[in-house]
>>> print(open('query_30.txt').read())   # compact mmCIF, C-alpha atoms
# COMPACT_ATOMS: atom_id res chain seq x y z
CA MET A 1 -3.82 -2.55 16.71
CA GLN A 2 -6.58 -4.43 18.47
CA LYS A 3 -8.90 -3.30 21.22
CA ASN A 4 -11.67 -5.42 22.73
CA THR A 5 -13.84 -2.82 24.42
CA PRO A 6 -13.77 0.40 22.37
CA SER A 7 -15.31 3.47 23.94
CA ARG A 8 -17.08 6.15 21.91
CA ASN A 9 -14.13 8.55 21.93
CA THR A 10 -11.31 6.05 21.67
CA ILE A 11 -8.71 6.68 18.97
CA ARG A 12 -7.33 3.40 17.69
CA LEU A 13 -4.09 2.85 15.89
CA THR A 14 -3.58 0.99 12.70
CA ARG A 15 0.04 -0.06 13.03
CA ARG A 16 0.61 1.14 9.61
CA GLY A 17 -2.35 2.09 7.51
CA ARG A 18 0.38 3.59 5.45
CA LEU A 19 0.01 5.99 2.60
CA ALA A 20 1.55 4.21 -0.36
CA LEU A 21 2.17 6.84 -3.00
CA ILE A 22 3.49 6.34 -6.47
CA VAL A 23 6.86 8.02 -6.16
CA ALA A 24 9.45 7.35 -8.82
CA GLY A 25 12.47 5.60 -7.39
CA ALA A 26 11.04 5.45 -3.88
CA VAL A 27 11.44 1.70 -3.39
CA VAL A 28 13.57 -1.01 -4.94
CA ALA A 29 11.49 -4.14 -4.46
CA GLY A 30 13.52 -7.25 -5.20
CA THR A 31 15.21 -8.30 -8.38
CA ALA A 32 14.04 -7.63 -11.89
CA VAL A 33 11.49 -10.08 -13.25
CA ALA A 34 11.26 -11.00 -16.92
CA VAL A 35 7.96 -9.94 -18.48
CA PRO A 36 6.57 -11.71 -21.54
CA LEU A 37 5.97 -9.04 -24.17
CA LEU A 38 2.85 -9.03 -26.31
CA THR A 39 2.93 -7.05 -29.52
CA VAL A 40 -0.16 -4.95 -30.14
CA GLU A 41 -0.52 -4.31 -33.85
CA GLY A 42 -0.90 -0.68 -34.79
CA THR A 43 -0.21 0.58 -31.28
CA HIS A 44 1.85 3.76 -30.98
CA ARG A 45 2.60 4.76 -27.43
CA ALA A 46 4.71 7.45 -25.84
CA THR A 47 8.07 6.30 -24.49
CA VAL A 48 7.59 4.15 -21.41
CA PRO A 49 10.04 3.94 -18.51
CA ALA A 50 12.52 1.07 -18.51
CA THR A 51 11.06 -0.55 -15.40
CA LEU A 52 8.08 -0.45 -13.06
CA VAL A 53 8.69 -0.93 -9.34
CA ILE A 54 5.87 -2.47 -7.30
CA PRO A 55 6.65 -2.02 -3.58
CA GLU A 56 5.64 -4.45 -0.87
CA GLY A 57 2.23 -3.69 0.55
CA TRP A 58 0.65 -1.91 -2.41
CA ARG A 59 -3.00 -2.72 -2.95
CA ALA A 60 -4.18 -4.00 -6.31
CA ALA A 61 -5.82 -0.66 -7.05
CA GLN A 62 -2.47 1.09 -6.64
CA VAL A 63 -0.82 -1.43 -8.94
CA TYR A 64 -3.45 -0.87 -11.64
CA ASP A 65 -2.98 2.90 -11.42
CA ALA A 66 0.80 2.53 -11.62
CA VAL A 67 0.55 0.32 -14.71
CA ASP A 68 -1.77 2.82 -16.41
CA LYS A 69 0.66 5.66 -15.72
CA ALA A 70 3.78 3.74 -16.71
CA LEU A 71 2.24 2.61 -20.00
CA HIS A 72 0.59 5.98 -20.70
CA LEU A 73 -2.89 4.48 -20.70
CA ALA A 74 -6.19 6.08 -19.76
CA PRO A 75 -7.06 5.69 -16.07
CA GLY A 76 -8.92 2.45 -15.46
CA THR A 77 -7.51 0.64 -18.51
CA THR A 78 -5.57 -1.96 -16.50
CA ARG A 79 -8.48 -2.67 -14.16
CA ARG A 80 -10.81 -3.16 -17.13
CA SER A 81 -8.36 -5.61 -18.69
CA LEU A 82 -8.73 -8.12 -15.83
CA PRO A 83 -11.58 -10.22 -17.29
CA GLN A 84 -9.54 -10.86 -20.45
CA ALA A 85 -6.16 -11.25 -18.73
CA GLY A 86 -6.49 -14.97 -18.02
CA LEU A 87 -4.52 -14.70 -14.78
CA LYS A 88 -3.57 -18.04 -13.24
CA LEU A 89 -4.95 -17.39 -9.76
CA PRO A 90 -5.85 -19.92 -7.06
CA ASN A 91 -9.49 -20.99 -7.01
CA ASP A 92 -9.97 -19.32 -3.62
CA ALA A 93 -9.20 -15.94 -5.19
CA GLY A 94 -12.38 -15.95 -7.26
CA GLY A 95 -10.60 -14.02 -10.00
CA ASN A 96 -9.39 -11.28 -7.64
CA PRO A 97 -5.59 -10.86 -7.97
CA GLU A 98 -5.19 -9.02 -4.64
CA GLY A 99 -2.23 -10.62 -2.86
CA TYR A 100 -0.78 -12.09 -6.06
CA LEU A 101 0.56 -8.97 -7.81
CA PHE A 102 4.01 -9.74 -6.53
CA PRO A 103 6.18 -6.78 -5.47
CA ALA A 104 9.28 -6.63 -7.65
CA THR A 105 10.92 -4.59 -10.41
CA TYR A 106 9.41 -5.35 -13.81
CA PRO A 107 11.02 -4.38 -17.16
CA LEU A 108 8.89 -2.48 -19.65
CA ASP A 109 9.05 -1.52 -23.30
CA ALA A 110 6.67 -0.15 -25.91
CA ARG A 111 5.16 -3.61 -26.48
CA THR A 112 4.29 -4.26 -22.81
CA THR A 113 0.56 -4.52 -22.14
CA PRO A 114 -1.43 -4.56 -18.90
CA ARG A 115 -2.21 -8.20 -19.58
CA SER A 116 1.43 -9.23 -19.98
CA LEU A 117 2.50 -7.21 -16.95
CA LEU A 118 -0.21 -8.51 -14.62
CA SER A 119 0.45 -12.06 -15.83
CA ALA A 120 4.14 -11.67 -14.98
CA MET A 121 3.25 -10.46 -11.47
CA VAL A 122 0.91 -13.39 -10.83
CA GLU A 123 3.35 -15.91 -12.27
CA THR A 124 6.08 -14.52 -10.03
CA ALA A 125 3.78 -14.85 -7.01
CA ASP A 126 2.97 -18.43 -8.00
CA ARG A 127 6.67 -19.30 -8.12
CA ARG A 128 7.36 -17.65 -4.76
CA PHE A 129 4.23 -18.84 -2.94
CA ASN A 130 3.59 -22.35 -4.25
CA GLY A 131 6.91 -24.07 -3.57
CA ALA A 132 7.24 -26.98 -1.17
CA PRO A 133 8.60 -24.87 1.75
CA VAL A 134 5.61 -22.53 1.54
CA ALA A 135 3.14 -25.42 1.40
CA ALA A 136 4.84 -27.03 4.40
CA GLY A 137 4.77 -23.78 6.32
CA ALA A 138 1.09 -23.30 5.56
CA ARG A 139 0.34 -26.80 6.86
CA ARG A 140 2.23 -26.06 10.08
CA THR A 141 -0.03 -23.09 10.71
CA ALA A 142 -3.19 -24.99 9.67
CA LEU A 143 -3.74 -22.77 6.62
CA ASN A 144 -3.85 -23.25 2.90
CA VAL A 145 -1.50 -21.14 0.79
CA TYR A 146 -4.17 -18.54 -0.06
CA GLN A 147 -4.94 -18.07 3.64
CA ALA A 148 -1.21 -17.76 4.35
CA VAL A 149 -0.99 -14.98 1.74
CA THR A 150 -3.93 -13.28 3.46
CA VAL A 151 -2.15 -13.42 6.83
CA ALA A 152 1.02 -12.13 5.16
CA SER A 153 -0.90 -9.18 3.72
CA ILE A 154 -2.08 -8.21 7.22
CA VAL A 155 1.46 -8.56 8.53
CA GLN A 156 2.73 -6.37 5.69
CA ALA A 157 0.19 -3.66 6.52
CA GLU A 158 0.57 -3.76 10.29
CA ALA A 159 4.24 -4.39 11.06
CA ALA A 160 6.43 -1.39 11.74
CA THR A 161 9.66 -3.21 10.88
CA LYS A 162 10.81 -6.57 9.57
CA ASP A 163 11.61 -7.52 13.16
CA ASP A 164 7.97 -6.88 14.12
CA MET A 165 6.52 -9.01 11.32
CA GLY A 166 6.81 -12.31 13.13
CA LYS A 167 5.20 -10.93 16.29
CA VAL A 168 2.29 -9.47 14.32
CA ALA A 169 1.78 -12.86 12.65
CA ARG A 170 1.83 -14.54 16.06
CA VAL A 171 -0.84 -12.12 17.31
CA VAL A 172 -3.02 -13.09 14.34
CA PHE A 173 -2.64 -16.81 15.05
CA ASN A 174 -3.13 -16.41 18.80
CA ARG A 175 -6.37 -14.52 18.29
CA LEU A 176 -7.64 -17.01 15.73
CA ALA A 177 -6.83 -19.89 18.07
CA ARG A 178 -8.77 -18.24 20.91
CA GLY A 179 -11.80 -17.45 18.78
CA MET A 180 -11.16 -13.71 19.12
CA PRO A 181 -11.86 -11.23 16.32
CA LEU A 182 -8.64 -9.94 14.79
CA GLN A 183 -9.66 -6.28 15.30
CA MET A 184 -7.07 -5.06 12.80
CA ASP A 185 -7.49 -1.49 11.63
CA SER A 186 -5.69 -2.36 8.39
CA THR A 187 -8.63 -4.51 7.27
CA LEU A 188 -11.02 -1.62 7.94
CA ASN A 189 -8.76 0.69 5.98
CA TYR A 190 -8.96 -1.72 3.07
CA ALA A 191 -12.75 -1.80 3.20
CA LEU A 192 -12.88 2.00 3.31
CA ASN A 193 -10.16 2.43 0.64
CA ARG A 194 -8.04 4.64 2.85
CA SER A 195 -4.83 4.69 4.86
CA THR A 196 -5.03 6.21 8.32
CA LEU A 197 -3.92 5.72 11.89
CA ARG A 198 -7.25 6.84 13.32
CA THR A 199 -10.24 4.54 13.56
CA THR A 200 -13.49 5.60 15.21
CA GLU A 201 -16.19 3.54 16.88
CA LYS A 202 -18.41 4.32 13.90
CA ASP A 203 -15.78 2.75 11.63
CA THR A 204 -15.88 -0.46 13.67
CA ARG A 205 -19.62 -0.81 13.00
CA LEU A 206 -19.06 -0.95 9.23
CA ASP A 207 -20.99 -3.77 7.58
CA SER A 208 -18.20 -5.35 5.58
CA PRO A 209 -16.57 -8.79 5.42
CA TYR A 210 -13.29 -6.90 5.90
CA ASN A 211 -14.41 -5.46 9.25
CA SER A 212 -12.36 -7.64 11.56
CA TYR A 213 -13.88 -5.90 14.58
CA ARG A 214 -17.27 -7.49 13.80
CA ARG A 215 -16.37 -10.50 11.65
CA MET A 216 -14.53 -13.53 12.95
CA GLY A 217 -11.63 -15.14 11.18
CA LEU A 218 -9.55 -13.87 8.29
CA PRO A 219 -10.85 -11.35 5.74
CA PRO A 220 -12.11 -12.99 2.54
CA THR A 221 -9.07 -11.93 0.49
CA PRO A 222 -5.61 -10.50 1.09
CA ILE A 223 -5.66 -6.75 1.77
CA ASP A 224 -2.49 -5.91 -0.16
CA ASN A 225 0.33 -7.60 -2.03
CA PRO A 226 2.87 -8.84 0.52
CA GLY A 227 6.55 -9.44 0.02
CA GLU A 228 8.67 -12.43 0.93
CA GLU A 229 9.58 -11.19 4.43
CA ALA A 230 5.91 -10.91 5.39
CA MET A 231 5.21 -14.31 3.88
CA ARG A 232 8.03 -15.88 5.88
CA ALA A 233 6.63 -14.31 9.03
CA ALA A 234 3.17 -15.72 8.29
CA LEU A 235 4.57 -19.20 7.72
CA ASP A 236 6.93 -19.38 10.68
CA PRO A 237 6.06 -16.84 13.41
CA PRO A 238 8.02 -16.90 16.68
CA ALA A 239 6.52 -18.40 19.81
CA GLY A 240 4.77 -15.91 22.07
CA ASN A 241 1.51 -15.28 23.91
CA TRP A 242 0.88 -11.78 22.52
CA LEU A 243 -2.70 -10.77 21.78
CA TYR A 244 -2.34 -6.99 21.33
CA PHE A 245 0.07 -4.48 19.88
CA VAL A 246 0.25 -0.76 19.30
CA THR A 247 2.97 1.55 18.06
CA VAL A 248 3.17 4.16 20.78
CA ARG A 249 5.64 6.24 18.79
CA PRO A 250 7.84 5.56 15.76
CA GLY A 251 10.24 2.76 16.64
CA ASP A 252 8.29 1.76 19.77
CA THR A 253 5.77 -0.99 19.02
CA ARG A 254 4.60 -2.80 22.15
CA PHE A 255 3.25 -6.34 22.16
CA THR A 256 1.45 -7.81 25.15
CA ALA A 257 -0.92 -10.55 26.28
CA SER A 258 -2.54 -8.24 28.84
CA LEU A 259 -5.54 -6.11 27.85
CA GLU A 260 -4.90 -3.84 30.82
CA GLU A 261 -1.31 -3.21 29.73
CA HIS A 262 -2.43 -2.72 26.14
CA GLU A 263 -4.97 -0.09 27.19
CA ARG A 264 -2.21 1.80 29.01
CA ASN A 265 -0.13 1.65 25.83
CA VAL A 266 -3.07 2.92 23.77
CA ALA A 267 -3.56 5.78 26.24
CA GLU A 268 0.09 6.72 25.81
CA PHE A 269 -0.34 6.67 22.04
CA ASN A 270 -3.37 8.94 22.35
CA ARG A 271 -1.41 11.40 24.49
CA ASN A 272 1.36 11.43 21.90
CA GLN A 273 -1.18 12.17 19.15
CA GLN A 274 -2.60 15.07 21.14
CA HIS A 275 0.90 16.52 21.33
CA GLY A 276 1.40 16.52 17.59
CA GLY A 277 2.49 12.97 16.89
CA PRO A 278 2.36 11.65 13.32
CA THR A 279 -1.13 10.80 12.10
CA ALA A 280 -0.19 8.51 9.22
CA ARG A 281 2.73 6.63 7.78
>>> encode(input="query_30.txt", output="structure tokens")
Amino acid sequence: MQKNTPSRNTIRLTRRGRLALIVAGAVVAGTAVAVPLLTVEGTHRATVPATLVIPEGWRAAQVYDAVDKALHLAPGTTRRSLPQAGLKLPNDAGGNPEGYLFPATYPLDARTTPRSLLSAMVETADRRFNGAPVAAGARRTALNVYQAVTVASIVQAEAATKDDMGKVARVVFNRLARGMPLQMDSTLNYALNRSTLRTTEKDTRLDSPYNSYRRMGLPPTPIDNPGEEAMRAALDPPAGNWLYFVTVRPGDTRFTASLEEHERNVAEFNRNQQHGGPTAR
């Protein structure tokens, strides 16, 4: 959600600062991806599950935790393996794999390592993101591929449904074209390492490059790992003059070019929250 003139007591809505929990079998994210297996001499590990599912929209930190748990490793092991992983990331990423840990189902066995698993995720992202259609779509929207992945990550976090993804992407591009801050609560949630629907005025004063209330343009990196639907939306959004959106209630996301209309929608959301509406999803 975006709001240009926040008041001290305004409750803002992140369209979906969703709580992504590691729940076995909760999501089936695409087809299985082959993972190169690296044998670690002398390693004896408890039985690992047959596959690891990475859902669309998980942040890198969630992926690292899931890998540690699936491979029965001490917490933090996967994150610490990054400097030695040799991931083939774009130069713009600066070594940060956020956005390129592609959501899919990855096979595991006792020889799988964090390095081999993260490499498979990045290689899958490279195949999906660096083809000619993606490059052409990025050029149409005046972005490079890394920027397109960043837009897709915002779309993944904010859109209530697949049908909403294109409209959210169009809002992003319309605001960029007009020199308006994105004012996306999902970027604040990323900076604060949280998932919530409520954003305060104090939150919007956060000194962070991910604070899209204060900083112009796109955040410096993707804010999650988007799937193909979000990427398609970022590359080919529908025409429209929308500048604002808010989910008033589940299944009712309203897009508008009018700040006045948007503020009425936000007021309706606030009334719904006061009457026991959901506070996160």
>>> closest_residue(input="query_30.txt", among="A:Arg215, A:Arg115, A:Lys69, A:Arg59", to="Leu82 of chain A", atoms="all atoms listed in the file")
A:Arg115
>>> closest_residue(input="query_30.txt", among="A:Tyr146, A:Trp242, A:Tyr190, A:Phe129", to="Glu261 of chain A", atoms="all atoms listed in the file")
A:Trp242
>>> closest_residue(input="query_30.txt", among="A:Met121, A:Val155, A:Val266, A:Leu87", to="Thr247 of chain A", atoms="all atoms listed in the file")
A:Val266
>>> residues_around(input="query_30.txt", residues="Gly166 of chain A", least_positions_apart="3", cutoff="12 Å", atoms="only C-alpha atoms", output="PDB file with C-alpha atoms, in the coordinates of the input")
ATOM      1  CA  VAL A 151      -2.150 -13.420   6.830  1.00  0.00           C
ATOM      2  CA  ALA A 152       1.020 -12.130   5.160  1.00  0.00           C
ATOM      3  CA  ILE A 154      -2.080  -8.210   7.220  1.00  0.00           C
ATOM      4  CA  VAL A 155       1.460  -8.560   8.530  1.00  0.00           C
ATOM      5  CA  GLN A 156       2.730  -6.370   5.690  1.00  0.00           C
ATOM      6  CA  GLU A 158       0.570  -3.760  10.290  1.00  0.00           C
ATOM      7  CA  ALA A 159       4.240  -4.390  11.060  1.00  0.00           C
ATOM      8  CA  ALA A 160       6.430  -1.390  11.740  1.00  0.00           C
ATOM      9  CA  THR A 161       9.660  -3.210  10.880  1.00  0.00           C
ATOM     10  CA  LYS A 162      10.810  -6.570   9.570  1.00  0.00           C
ATOM     11  CA  ASP A 163      11.610  -7.520  13.160  1.00  0.00           C
ATOM     12  CA  ALA A 169       1.780 -12.860  12.650  1.00  0.00           C
ATOM     13  CA  ARG A 170       1.830 -14.540  16.060  1.00  0.00           C
ATOM     14  CA  VAL A 171      -0.840 -12.120  17.310  1.00  0.00           C
ATOM     15  CA  VAL A 172      -3.020 -13.090  14.340  1.00  0.00           C
ATOM     16  CA  PHE A 173      -2.640 -16.810  15.050  1.00  0.00           C
ATOM     17  CA  GLU A 229       9.580 -11.190   4.430  1.00  0.00           C
ATOM     18  CA  ALA A 230       5.910 -10.910   5.390  1.00  0.00           C
ATOM     19  CA  MET A 231       5.210 -14.310   3.880  1.00  0.00           C
ATOM     20  CA  ARG A 232       8.030 -15.880   5.880  1.00  0.00           C
ATOM     21  CA  ALA A 233       6.630 -14.310   9.030  1.00  0.00           C
ATOM     22  CA  ALA A 234       3.170 -15.720   8.290  1.00  0.00           C
ATOM     23  CA  LEU A 235       4.570 -19.200   7.720  1.00  0.00           C
ATOM     24  CA  ASP A 236       6.930 -19.380  10.680  1.00  0.00           C
ATOM     25  CA  PRO A 237       6.060 -16.840  13.410  1.00  0.00           C
ATOM     26  CA  PRO A 238       8.020 -16.900  16.680  1.00  0.00           C
ATOM     27  CA  ALA A 239       6.520 -18.400  19.810  1.00  0.00           C
ATOM     28  CA  GLY A 240       4.770 -15.910  22.070  1.00  0.00           C
ATOM     29  CA  TRP A 242       0.880 -11.780  22.520  1.00  0.00           C
ATOM     30  CA  PHE A 255       3.250  -6.340  22.160  1.00  0.00           C
TER      31      PHE A 255
END
>>> closest_residue(input="query_30.txt", among="A:Glu228, A:Glu263, A:Asp207, A:Asp252", to="Gly99 of chain A", atoms="all atoms listed in the file")
A:Glu228
>>> residues_around(input="query_30.txt", residues="Asn225 of chain A", least_positions_apart="3", cutoff="7 Å", atoms="all atoms listed in the file", output="list in words")
Glu56, Gly57, Trp58, Arg59, Glu98, Gly99, Tyr100, Leu101, Phe102, Pro103 and Ser153 of chain A
>>> atom_distance(input="query_30.txt", atom1="atom CA of Thr150 of chain A", atom2="atom CA of Leu192 of chain A")
17.7 Å
>>> build_atoms(input="query_30.txt", residues="segment 104-115 of chain A", atoms="all heavy atoms", output="PDB file, in the frame of the given file")
ATOM      1  N   ALA A 104       7.966  -6.420  -7.027  1.00  0.00           N
ATOM      2  CA  ALA A 104       9.280  -6.630  -7.650  1.00  0.00           C
ATOM      3  C   ALA A 104       9.496  -5.504  -8.640  1.00  0.00           C
ATOM      4  O   ALA A 104       8.657  -4.609  -8.794  1.00  0.00           O
ATOM      5  CB  ALA A 104       9.356  -7.989  -8.343  1.00  0.00           C
ATOM      6  N   THR A 105      10.627  -5.547  -9.345  1.00  0.00           N
ATOM      7  CA  THR A 105      10.920  -4.590 -10.410  1.00  0.00           C
ATOM      8  C   THR A 105      10.706  -5.277 -11.747  1.00  0.00           C
ATOM      9  O   THR A 105      11.332  -6.297 -12.038  1.00  0.00           O
ATOM     10  CB  THR A 105      12.373  -4.088 -10.294  1.00  0.00           C
ATOM     11  OG1 THR A 105      12.552  -3.466  -9.022  1.00  0.00           O
ATOM     12  CG2 THR A 105      12.687  -3.080 -11.390  1.00  0.00           C
ATOM     13  N   TYR A 106       9.808  -4.728 -12.560  1.00  0.00           N
ATOM     14  CA  TYR A 106       9.410  -5.350 -13.810  1.00  0.00           C
ATOM     15  C   TYR A 106       9.885  -4.510 -15.002  1.00  0.00           C
ATOM     16  O   TYR A 106       9.625  -3.303 -15.050  1.00  0.00           O
ATOM     17  CB  TYR A 106       7.887  -5.507 -13.866  1.00  0.00           C
ATOM     18  CG  TYR A 106       7.369  -6.459 -12.822  1.00  0.00           C
ATOM     19  CD1 TYR A 106       7.020  -6.002 -11.559  1.00  0.00           C
ATOM     20  CD2 TYR A 106       7.271  -7.821 -13.094  1.00  0.00           C
ATOM     21  CE1 TYR A 106       6.568  -6.880 -10.583  1.00  0.00           C
ATOM     22  CE2 TYR A 106       6.817  -8.706 -12.125  1.00  0.00           C
ATOM     23  CZ  TYR A 106       6.471  -8.237 -10.867  1.00  0.00           C
ATOM     24  OH  TYR A 106       6.042  -9.103  -9.904  1.00  0.00           O
ATOM     25  N   PRO A 107      10.579  -5.130 -15.972  1.00  0.00           N
ATOM     26  CA  PRO A 107      11.020  -4.380 -17.160  1.00  0.00           C
ATOM     27  C   PRO A 107       9.843  -4.064 -18.075  1.00  0.00           C
ATOM     28  O   PRO A 107       8.879  -4.830 -18.164  1.00  0.00           O
ATOM     29  CB  PRO A 107      12.002  -5.346 -17.834  1.00  0.00           C
ATOM     30  CG  PRO A 107      11.558  -6.702 -17.398  1.00  0.00           C
ATOM     31  CD  PRO A 107      11.013  -6.540 -15.995  1.00  0.00           C
ATOM     32  N   LEU A 108       9.933  -2.930 -18.743  1.00  0.00           N
ATOM     33  CA  LEU A 108       8.890  -2.480 -19.650  1.00  0.00           C
ATOM     34  C   LEU A 108       9.500  -2.118 -21.005  1.00  0.00           C
ATOM     35  O   LEU A 108      10.682  -1.773 -21.081  1.00  0.00           O
ATOM     36  CB  LEU A 108       8.187  -1.227 -19.100  1.00  0.00           C
ATOM     37  CG  LEU A 108       7.649  -1.255 -17.682  1.00  0.00           C
ATOM     38  CD1 LEU A 108       7.094   0.118 -17.321  1.00  0.00           C
ATOM     39  CD2 LEU A 108       6.594  -2.324 -17.513  1.00  0.00           C
ATOM     40  N   ASP A 109       8.703  -2.185 -22.053  1.00  0.00           N
ATOM     41  CA  ASP A 109       9.050  -1.520 -23.300  1.00  0.00           C
ATOM     42  C   ASP A 109       7.755  -1.180 -24.017  1.00  0.00           C
ATOM     43  O   ASP A 109       6.659  -1.374 -23.482  1.00  0.00           O
ATOM     44  CB  ASP A 109      10.036  -2.335 -24.152  1.00  0.00           C
ATOM     45  CG  ASP A 109       9.405  -3.520 -24.858  1.00  0.00           C
ATOM     46  OD1 ASP A 109       8.168  -3.675 -24.809  1.00  0.00           O
ATOM     47  OD2 ASP A 109      10.150  -4.301 -25.474  1.00  0.00           O
ATOM     48  N   ALA A 110       7.857  -0.655 -25.218  1.00  0.00           N
ATOM     49  CA  ALA A 110       6.670  -0.150 -25.910  1.00  0.00           C
ATOM     50  C   ALA A 110       5.665  -1.241 -26.234  1.00  0.00           C
ATOM     51  O   ALA A 110       4.508  -0.950 -26.546  1.00  0.00           O
ATOM     52  CB  ALA A 110       7.097   0.558 -27.200  1.00  0.00           C
ATOM     53  N   ARG A 111       6.080  -2.514 -26.167  1.00  0.00           N
ATOM     54  CA  ARG A 111       5.160  -3.610 -26.480  1.00  0.00           C
ATOM     55  C   ARG A 111       4.473  -4.174 -25.235  1.00  0.00           C
ATOM     56  O   ARG A 111       3.596  -5.022 -25.342  1.00  0.00           O
ATOM     57  CB  ARG A 111       5.933  -4.728 -27.184  1.00  0.00           C
ATOM     58  CG  ARG A 111       6.527  -4.318 -28.529  1.00  0.00           C
ATOM     59  CD  ARG A 111       7.463  -5.405 -29.022  1.00  0.00           C
ATOM     60  NE  ARG A 111       8.628  -5.534 -28.151  1.00  0.00           N
ATOM     61  CZ  ARG A 111       9.471  -6.574 -28.157  1.00  0.00           C
ATOM     62  NH1 ARG A 111       9.248  -7.575 -28.988  1.00  0.00           N
ATOM     63  NH2 ARG A 111      10.504  -6.600 -27.351  1.00  0.00           N
ATOM     64  N   THR A 112       4.887  -3.744 -24.038  1.00  0.00           N
ATOM     65  CA  THR A 112       4.290  -4.260 -22.810  1.00  0.00           C
ATOM     66  C   THR A 112       2.828  -3.855 -22.713  1.00  0.00           C
ATOM     67  O   THR A 112       2.475  -2.710 -22.999  1.00  0.00           O
ATOM     68  CB  THR A 112       5.048  -3.735 -21.573  1.00  0.00           C
ATOM     69  OG1 THR A 112       6.436  -4.016 -21.717  1.00  0.00           O
ATOM     70  CG2 THR A 112       4.525  -4.373 -20.304  1.00  0.00           C
ATOM     71  N   THR A 113       1.983  -4.780 -22.315  1.00  0.00           N
ATOM     72  CA  THR A 113       0.560  -4.520 -22.140  1.00  0.00           C
ATOM     73  C   THR A 113       0.173  -4.765 -20.687  1.00  0.00           C
ATOM     74  O   THR A 113       0.878  -5.467 -19.956  1.00  0.00           O
ATOM     75  CB  THR A 113      -0.284  -5.437 -23.034  1.00  0.00           C
ATOM     76  OG1 THR A 113      -0.141  -6.795 -22.569  1.00  0.00           O
ATOM     77  CG2 THR A 113       0.147  -5.327 -24.491  1.00  0.00           C
ATOM     78  N   PRO A 114      -0.966  -4.226 -20.249  1.00  0.00           N
ATOM     79  CA  PRO A 114      -1.430  -4.560 -18.900  1.00  0.00           C
ATOM     80  C   PRO A 114      -1.555  -6.065 -18.694  1.00  0.00           C
ATOM     81  O   PRO A 114      -1.195  -6.586 -17.631  1.00  0.00           O
ATOM     82  CB  PRO A 114      -2.796  -3.868 -18.826  1.00  0.00           C
ATOM     83  CG  PRO A 114      -2.681  -2.697 -19.747  1.00  0.00           C
ATOM     84  CD  PRO A 114      -1.840  -3.197 -20.887  1.00  0.00           C
ATOM     85  N   ARG A 115      -2.037  -6.751 -19.704  1.00  0.00           N
ATOM     86  CA  ARG A 115      -2.210  -8.200 -19.580  1.00  0.00           C
ATOM     87  C   ARG A 115      -0.879  -8.900 -19.355  1.00  0.00           C
ATOM     88  O   ARG A 115      -0.749  -9.753 -18.469  1.00  0.00           O
ATOM     89  CB  ARG A 115      -2.894  -8.744 -20.828  1.00  0.00           C
ATOM     90  CG  ARG A 115      -3.086 -10.245 -20.816  1.00  0.00           C
ATOM     91  CD  ARG A 115      -3.781 -10.698 -22.085  1.00  0.00           C
ATOM     92  NE  ARG A 115      -3.859 -12.144 -22.170  1.00  0.00           N
ATOM     93  CZ  ARG A 115      -4.401 -12.809 -23.184  1.00  0.00           C
ATOM     94  NH1 ARG A 115      -4.920 -12.134 -24.199  1.00  0.00           N
ATOM     95  NH2 ARG A 115      -4.426 -14.131 -23.185  1.00  0.00           N
TER      96      ARG A 115
END
